[in-house]
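Novice: My file is entry-v4.txt. It has compact mmCIF, C-alpha atoms:
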# COMPACT_ATOMS: atom_id res chain seq x y z
CA MET A 1495 167.94 129.24 131.06
CA LYS A 1496 166.98 127.80 134.46
CA LYS A 1497 168.23 129.83 137.39
CA ARG A 1498 170.52 128.09 139.81
CA LEU A 1499 168.52 127.16 142.88
CA PHE A 1500 169.11 129.06 146.12
CA ASP A 1501 170.40 132.10 144.26
CA PHE A 1502 168.10 134.92 145.25
CA SER A 1503 170.39 137.74 144.10
CA ASP A 1504 168.38 138.19 140.91
CA VAL A 1505 164.99 137.89 142.59
CA HIS A 1506 163.07 141.16 142.68
CA LEU A 1507 159.44 140.24 142.03
CA TYR A 1508 157.76 137.25 143.69
CA VAL A 1509 154.19 136.57 142.55
CA VAL A 1510 151.76 134.54 144.66
CA THR A 1511 148.75 133.14 142.81
CA GLN A 1512 145.14 133.51 143.81
CA THR A 1513 142.10 131.53 142.63
CA PRO A 1514 141.60 132.34 138.91
CA ARG A 1515 138.51 134.36 138.02
CA ALA A 1516 135.85 132.94 135.67
CA GLY A 1517 137.33 132.31 132.21
CA GLN A 1518 140.92 132.47 133.48
CA THR A 1519 143.12 129.46 134.27
CA TYR A 1520 146.19 129.08 136.47
CA LEU A 1521 148.21 128.48 133.30
CA ASP A 1522 147.04 131.86 131.87
CA MET A 1523 147.81 133.64 135.11
CA VAL A 1524 151.26 132.15 135.64
CA SER A 1525 152.25 132.37 132.00
CA ALA A 1526 151.39 136.08 131.97
CA ALA A 1527 153.20 136.72 135.26
CA CYS A 1528 156.34 135.00 133.90
CA ALA A 1529 156.09 136.97 130.65
CA GLY A 1530 155.83 140.16 132.71
CA GLY A 1531 159.08 139.40 134.54
CA ALA A 1532 158.10 137.57 137.74
CA ASP A 1533 161.23 135.93 139.17
CA VAL A 1534 159.36 133.50 141.44
CA ILE A 1535 155.84 132.08 141.28
CA GLN A 1536 154.19 130.59 144.36
CA LEU A 1537 151.09 128.46 143.89
CA ARG A 1538 148.82 128.83 146.90
CA ASP A 1539 145.40 127.20 146.84
CA LYS A 1540 144.04 125.57 149.98
CA SER A 1541 140.83 124.53 148.20
CA LEU A 1542 142.32 122.09 145.68
CA SER A 1543 142.60 118.36 146.36
CA ALA A 1544 146.10 116.89 146.53
CA ARG A 1545 145.51 115.18 143.17
CA ALA A 1546 144.48 118.44 141.46
CA LEU A 1547 147.38 120.30 143.08
CA PHE A 1548 149.80 117.58 141.96
CA ARG A 1549 148.71 117.81 138.31
CA LEU A 1550 148.67 121.62 138.37
CA ALA A 1551 152.06 121.89 140.05
CA LYS A 1552 153.68 119.67 137.41
CA ASP A 1553 152.16 121.83 134.64
CA LEU A 1554 153.17 125.11 136.27
CA GLN A 1555 156.73 123.91 136.98
CA ALA A 1556 157.09 123.02 133.28
CA LEU A 1557 155.74 126.44 132.34
CA CYS A 1558 158.09 128.24 134.72
CA ASP A 1559 161.05 126.23 133.42
CA LYS A 1560 160.56 127.88 130.02
CA THR A 1561 161.35 131.33 131.40
CA GLY A 1562 163.75 130.27 134.15
CA THR A 1563 161.26 131.37 136.79
CA LEU A 1564 161.44 129.62 140.16
CA PHE A 1565 158.27 127.71 141.06
CA ILE A 1566 157.30 127.22 144.70
CA LEU A 1567 154.32 125.36 146.17
CA ASN A 1568 152.60 126.51 149.33
CA ASP A 1569 152.26 124.19 152.36
CA ARG A 1570 152.08 120.69 150.77
CA VAL A 1571 155.56 119.18 151.05
CA ASP A 1572 154.27 115.83 149.79
CA VAL A 1573 152.82 117.33 146.61
CA ALA A 1574 155.98 119.42 146.11
CA LEU A 1575 158.10 116.26 146.29
CA ALA A 1576 155.73 114.28 144.07
CA ALA A 1577 155.63 117.02 141.42
CA ASP A 1578 159.38 117.71 141.76
CA VAL A 1579 158.95 121.48 141.94
CA ASP A 1580 161.72 123.94 142.82
CA GLY A 1581 160.61 124.42 146.41
CA VAL A 1582 158.00 124.76 149.08
CA HIS A 1583 156.78 127.68 151.17
CA VAL A 1584 155.52 127.08 154.69
CA GLY A 1585 153.80 129.34 157.20
CA GLN A 1586 153.85 129.28 160.99
CA GLU A 1587 150.88 126.85 160.96
CA ASP A 1588 152.43 124.47 158.41
CA LEU A 1589 155.09 121.82 159.02
CA PRO A 1590 158.19 123.20 160.81
CA VAL A 1591 161.10 124.23 158.53
CA ARG A 1592 163.47 121.80 160.24
CA VAL A 1593 161.15 118.89 159.48
CA VAL A 1594 160.57 120.07 155.92
CA ARG A 1595 164.32 120.27 155.31
CA GLN A 1596 164.70 116.62 156.38
CA MET A 1597 162.07 115.62 153.84
CA MET A 1598 163.13 117.89 150.97
CA GLY A 1599 166.91 117.63 151.23
CA HIS A 1600 169.19 120.43 150.10
CA LYS A 1601 168.36 120.49 146.40
CA LYS A 1602 165.02 122.15 147.04
CA LEU A 1603 164.21 125.66 148.16
CA ILE A 1604 162.37 126.23 151.45
CA GLY A 1605 160.70 129.54 152.25
CA CYS A 1606 158.93 130.48 155.45
CA SER A 1607 156.42 133.21 156.32
CA THR A 1608 157.53 135.21 159.35
CA HIS A 1609 155.85 138.05 161.18
CA SER A 1610 158.50 139.11 163.72
CA THR A 1611 162.28 139.11 164.06
CA ALA A 1612 162.00 136.19 166.51
CA GLN A 1613 160.18 134.11 163.89
CA ALA A 1614 162.65 135.26 161.23
CA LEU A 1615 165.71 134.21 163.21
CA ALA A 1616 164.07 130.87 164.12
CA ALA A 1617 163.25 130.11 160.46
CA VAL A 1618 166.77 131.02 159.37
CA GLY A 1619 168.26 128.91 162.16
CA ASP A 1620 166.11 125.98 161.06
CA GLY A 1621 167.45 126.24 157.52
CA ALA A 1622 165.03 128.37 155.49
CA ASP A 1623 166.53 129.56 152.18
CA TYR A 1624 164.45 132.70 152.26
CA ILE A 1625 161.77 134.16 154.51
CA SER A 1626 158.91 136.56 154.02
CA CYS A 1627 158.24 139.63 156.13
CA GLY A 1628 154.66 140.71 156.48
CA PRO A 1629 151.91 141.51 156.11
CA LEU A 1630 153.44 144.91 155.46
CA PHE A 1631 150.15 146.70 154.81
CA ALA A 1632 146.53 145.70 155.49
CA THR A 1633 145.41 143.08 152.98
CA PRO A 1634 142.19 141.18 152.28
CA THR A 1635 144.34 138.08 151.47
CA LYS A 1636 145.28 137.67 155.16
CA PRO A 1637 142.49 139.41 157.10
CA ASP A 1638 143.49 137.79 160.41
CA TYR A 1639 146.96 139.34 160.53
CA ALA A 1640 147.58 142.90 161.69
CA PRO A 1641 150.07 144.72 159.42
CA VAL A 1642 153.64 144.61 160.75
CA GLY A 1643 154.56 147.95 159.18
CA LEU A 1644 157.68 149.31 157.52
CA ASP A 1645 159.72 149.28 160.75
CA LEU A 1646 159.87 145.49 160.65
CA VAL A 1647 161.39 145.65 157.16
CA LYS A 1648 164.06 147.98 158.56
CA GLU A 1649 164.78 145.53 161.39
CA TYR A 1650 165.05 142.57 158.99
CA ARG A 1651 167.40 144.62 156.82
CA ARG A 1652 169.59 145.18 159.85
CA LEU A 1653 169.41 141.73 161.47
CA VAL A 1654 168.74 139.08 158.82
CA ARG A 1655 171.39 137.95 156.33
CA THR A 1656 169.10 135.40 154.64
CA PRO A 1657 167.11 136.88 151.71
CA PHE A 1658 163.70 138.17 152.73
CA VAL A 1659 160.66 139.14 150.69
CA ALA A 1660 158.29 141.88 151.86
CA ILE A 1661 154.65 140.85 151.44
CA GLY A 1662 151.15 141.98 152.27
CA GLY A 1663 149.01 144.59 150.57
CA ILE A 1664 151.86 145.70 148.29
CA ASP A 1665 150.73 147.42 145.08
CA GLU A 1666 151.98 150.16 142.74
CA SER A 1667 151.03 152.86 145.23
CA ASN A 1668 153.23 151.65 148.08
CA VAL A 1669 155.95 149.38 146.65
CA ALA A 1670 158.51 152.21 146.72
CA GLN A 1671 158.02 152.52 150.49
CA ALA A 1672 158.83 148.82 150.96
CA ILE A 1673 162.02 149.16 148.92
CA ALA A 1674 163.01 152.41 150.64
CA ALA A 1675 162.62 150.67 154.03
CA GLY A 1676 165.16 148.06 152.94
CA ALA A 1677 163.36 145.27 151.08
CA ASP A 1678 165.29 143.96 148.06
CA ARG A 1679 162.35 141.79 146.99
CA VAL A 1680 158.61 142.10 147.17
CA ALA A 1681 155.85 139.54 146.91
CA VAL A 1682 152.55 140.51 145.35
CA VAL A 1683 149.27 138.59 145.29
CA ARG A 1684 146.15 140.54 144.35
CA ALA A 1685 147.78 143.50 142.54
CA ILE A 1686 149.23 141.08 139.94
CA ALA A 1687 147.34 137.75 140.04
CA GLY A 1688 144.05 139.66 140.27
CA ALA A 1689 144.87 142.31 137.64
CA ALA A 1690 142.86 142.54 134.41
CA ASP A 1691 146.17 142.35 132.49
CA VAL A 1692 148.50 140.17 134.56
CA ALA A 1693 151.55 140.52 132.30
CA HIS A 1694 151.24 144.30 132.22
CA ALA A 1695 150.77 144.48 135.99
CA ALA A 1696 153.87 142.30 136.55
CA ARG A 1697 155.99 144.33 134.12
CA SER A 1698 154.90 147.60 135.65
CA MET A 1699 155.58 146.36 139.20
CA LYS A 1700 158.99 145.01 138.23
CA ASP A 1701 159.93 148.40 136.72
CA LEU A 1702 158.85 150.18 139.89
CA ILE A 1703 160.94 147.80 142.02
CA LEU A 1704 164.04 148.19 139.87
CA LYS A 1705 163.67 151.97 139.78
CA ALA A 1706 163.16 152.18 143.55
CA LYS A 1707 166.22 149.99 144.14
CA ALA A 1708 168.33 152.08 141.76
CA GLY A 1709 167.16 155.28 143.44
CA ARG A 1710 168.03 153.93 146.87
CA SER A 1711 171.74 153.50 146.24
CA MET B 120 152.45 94.61 171.95
CA LYS B 121 152.70 96.42 168.62
CA LYS B 122 151.19 94.54 165.70
CA ARG B 123 153.48 93.73 162.83
CA LEU B 124 152.77 96.17 160.03
CA PHE B 125 150.97 94.95 156.90
CA ASP B 126 149.32 92.13 158.80
CA PHE B 127 145.61 92.66 158.39
CA SER B 128 144.58 89.14 159.39
CA ASP B 129 143.61 90.34 162.89
CA VAL B 130 141.91 93.51 161.71
CA HIS B 131 138.16 93.46 162.18
CA LEU B 132 137.18 96.95 163.26
CA TYR B 133 138.62 100.08 161.65
CA VAL B 134 137.55 103.36 163.23
CA VAL B 135 137.74 106.67 161.35
CA THR B 136 137.66 109.80 163.49
CA GLN B 137 135.37 112.75 163.07
CA THR B 138 135.68 116.26 164.54
CA PRO B 139 135.27 115.95 168.32
CA ARG B 140 132.13 117.46 169.83
CA ALA B 141 132.33 120.24 172.42
CA GLY B 142 134.12 119.04 175.55
CA GLN B 143 135.61 116.00 173.79
CA THR B 144 139.18 115.78 172.45
CA TYR B 145 140.74 113.56 169.80
CA LEU B 146 142.74 111.90 172.57
CA ASP B 147 139.49 111.02 174.43
CA MET B 148 137.88 109.69 171.27
CA VAL B 149 140.83 107.60 170.11
CA SER B 150 141.68 106.34 173.59
CA ALA B 151 138.10 105.12 174.03
CA ALA B 152 137.99 103.52 170.57
CA CYS B 153 141.24 101.65 171.31
CA ALA B 154 139.93 100.56 174.71
CA GLY B 155 136.78 99.29 172.98
CA GLY B 156 138.80 97.09 170.64
CA ALA B 157 139.39 99.12 167.48
CA ASP B 158 142.17 97.45 165.47
CA VAL B 159 142.94 100.49 163.32
CA ILE B 160 142.38 104.20 163.88
CA GLN B 161 142.35 106.64 160.98
CA LEU B 162 142.66 110.35 161.70
CA ARG B 163 140.76 112.32 159.11
CA ASP B 164 140.40 116.08 159.54
CA LYS B 165 140.64 118.34 156.51
CA SER B 166 140.13 121.46 158.64
CA LEU B 167 143.33 121.27 160.70
CA SER B 168 146.53 123.04 159.69
CA ALA B 169 149.53 120.85 158.88
CA ARG B 170 151.18 121.96 162.13
CA ALA B 171 148.14 121.00 164.24
CA LEU B 172 147.81 117.70 162.37
CA PHE B 173 151.52 116.98 162.89
CA ARG B 174 151.28 117.48 166.67
CA LEU B 175 148.04 115.53 166.93
CA ALA B 176 149.28 112.64 164.80
CA LYS B 177 152.37 112.21 166.99
CA ASP B 178 150.20 112.14 170.12
CA LEU B 179 147.67 109.70 168.63
CA GLN B 180 150.40 107.38 167.31
CA ALA B 181 151.89 107.23 170.84
CA LEU B 182 148.43 106.50 172.24
CA CYS B 183 147.76 103.75 169.68
CA ASP B 184 151.17 102.20 170.37
CA LYS B 185 150.02 101.48 173.94
CA THR B 186 147.28 99.11 172.74
CA GLY B 187 149.00 97.85 169.58
CA THR B 188 146.41 99.61 167.45
CA LEU B 189 147.48 100.65 163.96
CA PHE B 190 147.37 104.41 163.38
CA ILE B 191 146.75 105.80 159.89
CA LEU B 192 146.60 109.41 158.73
CA ASN B 193 144.27 110.54 155.96
CA ASP B 194 145.63 112.30 152.84
CA ARG B 195 148.73 114.13 154.15
CA VAL B 196 151.74 112.01 153.24
CA ASP B 197 154.11 114.76 154.38
CA VAL B 198 152.57 114.93 157.85
CA ALA B 199 152.48 111.12 158.06
CA LEU B 200 156.22 111.00 157.32
CA ALA B 201 157.02 113.86 159.68
CA ALA B 202 155.03 112.28 162.54
CA ASP B 203 156.31 108.77 161.70
CA VAL B 204 152.85 107.17 161.90
CA ASP B 205 152.05 103.61 160.82
CA GLY B 206 150.56 104.58 157.48
CA VAL B 207 148.55 106.86 155.27
CA HIS B 208 145.14 106.52 153.63
CA VAL B 209 144.49 108.22 150.30
CA GLY B 210 141.34 108.70 148.27
CA GLN B 211 140.86 108.99 144.52
CA GLU B 212 141.40 112.78 144.77
CA ASP B 213 144.57 112.51 146.86
CA LEU B 214 148.10 111.69 145.66
CA PRO B 215 148.24 108.48 143.56
CA VAL B 216 149.18 105.29 145.46
CA ARG B 217 152.21 104.68 143.23
CA VAL B 218 153.60 108.12 144.07
CA VAL B 219 152.81 107.70 147.76
CA ARG B 220 154.66 104.37 147.82
CA GLN B 221 157.78 106.04 146.40
CA MET B 222 157.66 108.58 149.21
CA MET B 223 156.69 106.24 152.07
CA GLY B 224 158.80 103.21 151.24
CA HIS B 225 157.76 99.71 152.25
CA LYS B 226 157.85 100.09 156.03
CA LYS B 227 154.63 102.10 156.03
CA LEU B 228 151.08 101.04 155.33
CA ILE B 229 149.17 102.58 152.40
CA GLY B 230 145.40 102.33 152.14
CA CYS B 231 143.24 103.60 149.32
CA SER B 232 139.52 104.38 149.05
CA THR B 233 137.94 102.64 146.06
CA HIS B 234 134.40 102.75 144.74
CA SER B 235 134.49 100.16 141.93
CA THR B 236 136.36 96.96 141.03
CA ALA B 237 138.33 98.93 138.42
CA GLN B 238 139.55 101.34 141.11
CA ALA B 239 140.22 98.42 143.47
CA LEU B 240 142.39 96.55 140.98
CA ALA B 241 144.24 99.76 140.05
CA ALA B 242 145.00 100.55 143.72
CA VAL B 243 146.18 97.00 144.35
CA GLY B 244 148.31 97.07 141.21
CA ASP B 245 149.87 100.34 142.36
CA GLY B 246 150.86 98.78 145.66
CA ALA B 247 148.12 99.54 148.22
CA ASP B 248 148.38 97.37 151.34
CA TYR B 249 144.64 97.50 151.83
CA ILE B 250 141.70 99.20 150.15
CA SER B 251 138.28 100.33 151.23
CA CYS B 252 135.02 99.45 149.49
CA GLY B 253 132.24 101.97 149.76
CA PRO B 254 130.23 103.86 150.60
CA LEU B 255 128.21 100.74 151.30
CA PHE B 256 125.13 102.54 152.58
CA ALA B 257 124.03 106.19 152.33
CA THR B 258 126.05 108.30 154.77
CA PRO B 259 126.14 111.97 155.77
CA THR B 260 129.96 111.70 156.00
CA LYS B 261 130.26 111.43 152.20
CA PRO B 262 127.09 113.05 150.81
CA ASP B 263 128.51 113.32 147.26
CA TYR B 264 128.91 109.58 146.77
CA ALA B 265 126.03 107.26 145.83
CA PRO B 266 126.07 104.02 147.87
CA VAL B 267 127.81 101.16 146.04
CA GLY B 268 125.64 98.52 147.73
CA LEU B 269 126.33 95.01 149.01
CA ASP B 270 126.90 93.58 145.53
CA LEU B 271 130.21 95.40 145.28
CA VAL B 272 131.35 93.74 148.51
CA LYS B 273 130.53 90.37 146.92
CA GLU B 274 132.56 91.31 143.83
CA TYR B 275 135.56 92.40 145.92
CA ARG B 276 135.32 89.14 147.88
CA ARG B 277 135.52 87.24 144.61
CA LEU B 278 138.13 89.33 142.76
CA VAL B 279 140.42 91.06 145.26
CA ARG B 280 143.10 89.19 147.23
CA THR B 281 144.33 92.33 149.03
CA PRO B 282 142.51 93.01 152.32
CA PHE B 283 139.53 95.31 151.93
CA VAL B 284 137.47 97.22 154.47
CA ALA B 285 133.78 97.90 153.90
CA ILE B 286 132.86 101.50 154.76
CA GLY B 287 129.99 103.94 154.54
CA GLY B 288 126.93 104.25 156.75
CA ILE B 289 127.77 101.07 158.67
CA ASP B 290 126.21 100.85 162.14
CA GLU B 291 124.86 98.18 164.49
CA SER B 292 121.71 97.77 162.39
CA ASN B 293 123.45 96.79 159.17
CA VAL B 294 126.98 95.56 159.97
CA ALA B 295 125.85 91.89 159.77
CA GLN B 296 124.78 92.47 156.14
CA ALA B 297 128.27 93.75 155.25
CA ILE B 298 129.90 90.70 156.83
CA ALA B 299 127.40 88.30 155.25
CA ALA B 300 128.16 89.83 151.84
CA GLY B 301 131.83 88.94 152.31
CA ALA B 302 133.56 91.75 154.17
CA ASP B 303 136.09 90.56 156.77
CA ARG B 304 136.61 94.09 158.08
CA VAL B 305 134.42 97.12 158.49
CA ALA B 306 135.23 100.78 158.94
CA VAL B 307 132.96 102.94 161.04
CA VAL B 308 132.93 106.71 161.42
CA ARG B 309 129.83 108.26 162.96
CA ALA B 310 128.44 105.19 164.77
CA ILE B 311 131.59 105.01 166.91
CA ALA B 312 133.44 108.35 166.80
CA GLY B 313 130.11 110.17 167.22
CA ALA B 314 128.68 107.88 169.91
CA ALA B 315 127.93 109.17 173.40
CA ASP B 316 130.05 106.30 174.79
CA VAL B 317 132.78 105.64 172.23
CA ALA B 318 134.36 102.69 174.05
CA HIS B 319 131.01 100.98 174.48
CA ALA B 320 130.07 101.59 170.84
CA ALA B 321 133.40 100.14 169.66
CA ARG B 322 133.12 97.09 171.91
CA SER B 323 129.56 96.44 170.84
CA MET B 324 130.44 96.80 167.13
CA LYS B 325 133.47 94.53 167.47
CA ASP B 326 131.28 91.85 169.10
CA LEU B 327 128.76 92.10 166.27
CA ILE B 328 131.52 91.75 163.67
CA LEU B 329 133.08 88.73 165.37
CA LYS B 330 129.68 87.04 165.81
CA ALA B 331 128.69 87.70 162.20
CA LYS B 332 132.03 86.30 160.97
CA ALA B 333 131.65 83.21 163.20
CA GLY B 334 128.09 82.70 161.96
CA ARG B 335 129.21 82.93 158.33
CA SER B 336 131.54 79.92 158.35
Output the file's structure as structure tokens, nothing else.
Specialist:
Amino acid sequence: MKKRLFDFSDVHLYVVTQTPRAGQTYLDMVSAACAGGADVIQLRDKSLSARALFRLAKDLQALCDKTGTLFILNDRVDVALAADVDGVHVGQEDLPVRVVRQMMGHKKLIGCSTHSTAQALAAVGDGADYISCGPLFATPTKPDYAPVGLDLVKEYRRLVRTPFVAIGGIDESNVAQAIAAGADRVAVVRAIAGAADVAHAARSMKDLILKAKAGRS
Amino acid sequence: MKKRLFDFSDVHLYVVTQTPRAGQTYLDMVSAACAGGADVIQLRDKSLSARALFRLAKDLQALCDKTGTLFILNDRVDVALAADVDGVHVGQEDLPVRVVRQMMGHKKLIGCSTHSTAQALAAVGDGADYISCGPLFATPTKPDYAPVGLDLVKEYRRLVRTPFVAIGGIDESNVAQAIAAGADRVAVVRAIAGAADVAHAARSMKDLILKAKAGRS
């Protein structure tokens, strides 16, 4: 059931976690996102200790294995290695992709957040398996970044052969624009991880992505 | 000039950094601590990004190499590996020592914070090269931990063959008590890294440690 690593051809919906609300756990959130059709889950929590992240990452990898969903950890290469997860996602302020590749080897997935074509081409040159492109729209998740806009998606579509994921402020109201601009995959944080019904939100978003992709061709 | 790794017999003074004050840099602080006779420097800064920590750790390792001072990074095993520093120090909420050893191999030093004999023996059993014992006295650096007191130093002296470092609220007024209780090494944060004259504070503390050890035998 497990997807072959590095194969992003079937990846449409990439869900990034956020801190669970009262009464919700990460296991609830991720389980519901997987049930709703998420193809990749990224755990991102800068507030957890390495020990807590290590335990949680092992549990979430096991959960994702049940549905063949890829599981990626944000930033902490050491915890990703210790918990033997599918991959790690680094930003421009995390360890450089080239260094991460030396530590992770080629059996693990490495993703990298990029905000310009220069950053995209650098990440790809350094060996990233996929990159993100964003933030597409204004988002409270990354208040310090100005939106890059749909034109950058068009540029990536034209210039970048490595799979890229559009991210940043994407919800049901604007996902079709991201796809129309050339994104084959979108990453969603708040509109899924923060939804009252996470599984329903994931399913609904996945449908919108698939419809928009079908309508594009 | 470089000390052989794992040899703690010449280690008396272990300095842990704190965030530099305005106008001061980590390079100033560490350079002065080394000049003042620190045998080990530990960089501990939870607020820096992995990228910033990576750059800083490489610079501080190069600086410490000049005086043969051991350089240890707190918590981030991935950054420690990437920057090729002498070792890593983990706490009870960081990655487990056994897991860290698998990642770091036997050419790197692993230290572990312990707060009881049970934790000490577990860390030693898992392969720590040295452990810390503390917080000895009340300290603003670790407000959530109750002081363990001098009796725990006496217990470690009796039970633990692995080198241990007394830590927590140690300054010029109380360092002799830590040594008298059986500590061969003390770690200092605020009283050195936060001193107006870091080199002078380190030199003065090192003298007090050596005198107290000489007076003990």
Novice: Once you count only C-alpha atoms, which residues end up no further than 10 Å from (150.7, 141.9, 132.7) in the file's frame, shown as number ranges by chain?
Specialist: A: 1523, 1525-1532, 1686-1687, 1689-1699
Novice: Using only C-alpha atoms, determine which residues of chain A fall within 10 Å of chain B; present them as a ChimeraX atom specification.
Specialist: /A:1542-1549,1569-1577,1584-1590,1593-1594,1596-1597
Novice: Need the neighbours of (142.1, 89.0, 144.5): which residues are at most 12 Å away, counting only C-alpha atoms, as a short mmCIF file (atom, residue, chain, number, x, y, z; two decimals) with C-alpha atoms, in the frame of the given file?
Specialist:
data_model
loop_
_atom_site.label_atom_id
_atom_site.label_comp_id
_atom_site.auth_asym_id
_atom_site.auth_seq_id
_atom_site.Cartn_x
_atom_site.Cartn_y
_atom_site.Cartn_z
CA THR B 236 136.36 96.96 141.03
CA ALA B 239 140.22 98.42 143.47
CA LEU B 240 142.39 96.55 140.98
CA ALA B 241 144.24 99.76 140.05
CA ALA B 242 145.00 100.55 143.72
CA VAL B 243 146.18 97.00 144.35
CA GLY B 244 148.31 97.07 141.21
CA TYR B 249 144.64 97.50 151.83
CA ILE B 250 141.70 99.20 150.15
CA LYS B 273 130.53 90.37 146.92
CA GLU B 274 132.56 91.31 143.83
CA TYR B 275 135.56 92.40 145.92
CA ARG B 276 135.32 89.14 147.88
CA ARG B 277 135.52 87.24 144.61
CA LEU B 278 138.13 89.33 142.76
CA VAL B 279 140.42 91.06 145.26
CA ARG B 280 143.10 89.19 147.23
CA THR B 281 144.33 92.33 149.03
CA PRO B 282 142.51 93.01 152.32
CA PHE B 283 139.53 95.31 151.93
#
Novice: Write out as a ChimeraX atom specification each polymer residue whose atoms come within 8 Å of range 289-295 of chain B, counting only C-alpha atoms; drop sequence neighbours fewer than 5 positions from it.
Specialist: /B:255-256,305-307,310,324,327-328,331
Novice: To one decimal place, how far is CA of Cys252 in chain B from CA of Arg217 in chain B in Å?
Specialist: 19.0 Å
Novice: Kindly give the distance, in Å, that separates CA of Val1505 in chain A and CA of Lys1636 in chain A, rounded to a single decimal.
Specialist: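 Between these atoms lies a distance of 23.4 Å.
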Novice: Using Å and a single decimal, report how far CA of His208 in chain B sits from CA of Thr144 in chain B.
Specialist: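 CA of His208 in chain B lies at a distance of 21.8 Å from CA of Thr144 in chain B.
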Novice: Restricting the calculation to only C-alpha atoms: of A:Thr1635, A:Tyr1508, A:Ala1640, A:Lys1705, which residue gets closest to His1609 in chain A?
Specialist: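 Of the candidates, the smallest distance to His1609 in chain A is held by A:Ala1640.
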Novice: Determine the nearest neighbour of Ala333 in chain B from the options B:Asp248, B:Gln137, B:Ala299, B:Lys185, counting all atoms listed in the file.
Specialist: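 For Ala333 in chain B, the nearest of the given residues is B:Ala299.
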Novice: Calculated over only C-alpha atoms, which of the candidates A:Pro1514, A:Pro1634, A:Gly1605, A:Gly1621 has the smallest distance to Val1659 in chain A?
Specialist: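 The answer is A:Gly1605, which sits nearest to Val1659 in chain A.
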Novice: Calculate, to one decimal in Å, the centre and edge lengths of the box along x, y and z of the file that holds all listed atoms of range 1531-1547 of chain A with 4 Å of margin on each side, and present them as lines of an AutoDock Vina configuration file.
Specialist:
center_x = 151.0
center_y = 127.3
center_z = 142.3
size_x = 28.4
size_y = 32.2
size_z = 23.4
Novice: Got a minute to add N, CA, C and O atoms to range 1599-1609 of chain A and dump it as a compact mmCIF listing (two decimals), keeping the file's coordinate frame?
Specialist:
# COMPACT_ATOMS: atom_id res chain seq x y z
N GLY A 1599 165.48 117.62 151.55
CA GLY A 1599 166.91 117.63 151.23
C GLY A 1599 167.38 119.03 150.89
O GLY A 1599 166.67 120.02 151.11
N HIS A 1600 168.59 119.12 150.34
CA HIS A 1600 169.19 120.43 150.10
C HIS A 1600 169.14 120.87 148.65
O HIS A 1600 169.70 121.90 148.28
N LYS A 1601 168.48 120.08 147.80
CA LYS A 1601 168.36 120.49 146.40
C LYS A 1601 167.10 121.29 146.15
O LYS A 1601 166.84 121.74 145.03
N LYS A 1602 166.27 121.42 147.19
CA LYS A 1602 165.02 122.15 147.04
C LYS A 1602 165.03 123.39 147.93
O LYS A 1602 165.67 123.41 148.99
N LEU A 1603 164.29 124.38 147.48
CA LEU A 1603 164.21 125.66 148.16
C LEU A 1603 163.12 125.60 149.23
O LEU A 1603 162.04 125.07 148.98
N ILE A 1604 163.40 126.13 150.41
CA ILE A 1604 162.37 126.23 151.45
C ILE A 1604 162.23 127.68 151.90
O ILE A 1604 163.21 128.31 152.30
N GLY A 1605 161.01 128.19 151.78
CA GLY A 1605 160.70 129.54 152.25
C GLY A 1605 159.76 129.46 153.43
O GLY A 1605 159.05 128.47 153.60
N CYS A 1606 159.77 130.50 154.25
CA CYS A 1606 158.93 130.48 155.45
C CYS A 1606 158.37 131.87 155.72
O CYS A 1606 159.11 132.86 155.74
N SER A 1607 157.06 131.94 155.95
CA SER A 1607 156.42 133.21 156.32
C SER A 1607 156.77 133.55 157.76
O SER A 1607 156.60 132.72 158.65
N THR A 1608 157.23 134.78 157.98
CA THR A 1608 157.53 135.21 159.35
C THR A 1608 156.92 136.59 159.58
O THR A 1608 156.75 137.37 158.64
N HIS A 1609 156.58 136.84 160.84
CA HIS A 1609 155.85 138.05 161.18
C HIS A 1609 156.52 138.84 162.29
O HIS A 1609 155.95 139.78 162.83
